Amino acid sequence: MNIRTRIPPSPTGIPHIGNTRTALFNYLFAKHNDGEFILRIEDTDRVRFVPDAEKAILEILNWLEITHGKNIQRQSERIEIYKKYAKELKEKNLSYEDNGAIRFKMPKTGSTKWIDAIGNKNITFENKTQEDFVIIKSDGFPTYNFANVIDDHLMEITHVLRGEEFISSTPKHIQLYKAFGWNIPVFAHLPVILGPDKQKLSKRHGAKSALDYRDDGYLKDALINYMALLGWNPGGDQEIYSVSEMIKIFDLKDINSTSPIFDPVKLDWMNQQYIQSKSNNQLKKLLVDFYPDLSKLPNETTEKLIPLVKSRIKTLKEFKEQTEIFFGTNEKSNLSPTEKRITITLFSKLEKVNDWNNNKIFEILKEVMNQNKIRMNILYKIFTGKERGLPLPETLEILGKEKALSILNQIK
RNA sequence: GGCCCCAUCGUCUAGUGGCCUAGGACGUCAGAUUCUCAUUCUGAAGAUCGAGGGUUCAAAUCCCUCUGGGGUCACCA
């Protein structure tokens, strides 16, 4: 059997991270089985349709390199197909008209059941609790419940991995498959990701999209790694996985039945792990892509800054916070009279330095600290406006004597 | 409320009857390294495995009940 999975976003907005994780799992599962993963745009809701949403959906998958089949299907272009199958139901006397819409006749006795691949559990719904549901809306467009089933069958989807919120509509889908006499795919309902308030992650609760994380300076590998481990654990203690490793070991049986809470703090840690694991060159490339105006800095300066900054940033965005002094964007600090006096001493001592290197600079700084019985934080404050930062002697060396002195000159 | 799903440290989790006086990771706290910060390293606190009943020589692991949390009840997906 050729495995095929799909992600069917509806273009009503930018998908948040939970939906993207569902795409990831579909992708990992398909790739693990040498199968195919396809993208289908479910744009049958004309009221909530957002023109740019599809672009964002593609951009997310593209950035994360969750590659899908080239042929993107759009349901709005398949209306005739759904009408044809609606007609078939009508001929079988399994549907009826209701206020301009068409409803499917659900069986009212017996039960509908399936074995869900998550936790391998039996789920049963009594048919008497089920209602006849709309398959074609009065505007002629199919509903999700209808188009989704038709397309999953026509596109030969073998495994439906989707959010748990669809469990209660699954009986509808199964009865539709039965009405047509089609094979029923394997269902795997993924527990939904919860926010810190333990409510389902949603835009209302400030759930971000993958694009937001990208813009906040997260690396795609780190985001994927974190998303994958939310609810999936192949056993053991390993936390860092490359995508190809994940593909190799991915298995539905290792997905938990419990809803996990999204923890941004652990994501930060993971992102930091990935940043540290990059070579200086890789990190430089990431930073230049992230901050195009980094090219204003001399190449040599950037390259010297990378190793200093590497262990100190959790996101690419923090690079600028660490290097403000190089861009002249740092705050000017309010210095006390003593601190101003120290600034003057500092200036006159540094002015006399001939070979401007961090060892020499450090000697001078130590001298000043000892003489004035102060600690390093005061010197940081004088130069950068903050009491902490990248190693000061190295920073001053990279900055160059001229600029370092001019900073002191401005404030003394 | 009906129906459905779930339940191990604050969080992510390991665990599928004896190796569990419950392991790892994040976070927290303490210490070491250090020119600040960060990294790195070491250590600590932190879960009577939601509760109560069973089954068993033996249960976090199996069964039942309860409680709690979540999802869903649209001509949205």
# chains A, B, ... in the order shown; residues from 1 in each chain; ligands from 1

call {"tool": "residues_around", "arguments": {"residues": "B:G50", "least_positions_apart": "4", "cutoff": "9 Å", "atoms": "only C-alpha atoms (C1' of nucleotides)", "output": "JSON, numbers by chain"}}
result
{"B": [7, 67, 68]}

call {"tool": "interface_residues", "arguments": {"of": "chain A", "to": "chain B", "cutoff": "6 Å", "atoms": "only C-alpha atoms (C1' of nucleotides)", "output": "PyMOL selection string"}}
result
chain A and resi 137+165+168+237+258+266+311-312+376-377+388-389

call {"tool": "write_last_selection", "arguments": {"atoms": "C-alpha atoms", "output": "mmCIF file, in the first residue's frame"}}
result
data_model
loop_
_atom_site.group_PDB
_atom_site.id
_atom_site.type_symbol
_atom_site.label_atom_id
_atom_site.label_comp_id
_atom_site.auth_asym_id
_atom_site.auth_seq_id
_atom_site.Cartn_x
_atom_site.Cartn_y
_atom_site.Cartn_z
ATOM 1 C CA LYS A 137 -24.644 24.739 1.587
ATOM 2 C CA GLU A 165 -11.167 18.480 17.690
ATOM 3 C CA SER A 168 -16.743 14.219 17.149
ATOM 4 C CA ASP A 237 16.228 10.477 26.801
ATOM 5 C CA THR A 258 -2.402 13.633 26.369
ATOM 6 C CA LYS A 266 11.873 25.289 26.626
ATOM 7 C CA SER A 311 26.743 31.485 23.702
ATOM 8 C CA ARG A 312 24.882 34.631 24.687
ATOM 9 C CA MET A 376 33.429 45.459 35.970
ATOM 10 C CA ASN A 377 29.780 46.435 35.855
ATOM 11 C CA ARG A 388 26.531 43.670 31.461
ATOM 12 C CA GLY A 389 27.257 42.483 27.970
#

call {"tool": "select_by_dssp", "arguments": {"residues": "stretch 8-102 of chain A", "states": "alpha helix (DSSP H)", "output": "ChimeraX atom specification"}}
result
/A:17-32,53-64,79-91

call {"tool": "select_by_dssp", "arguments": {"residues": "stretch 145-193 of chain A", "states": "strand (DSSP E)", "output": "list of chain:residue names"}}
result
A:His159, A:Val160, A:Leu161, A:Arg162, A:Gly163, A:Val186, A:Phe187, A:Ala188, A:His189, A:Leu190

call {"tool": "atom_distance", "arguments": {"atom1": "atom CA of A:Pro191", "atom2": "atom CA of A:Glu164"}}
result
5.1 Å
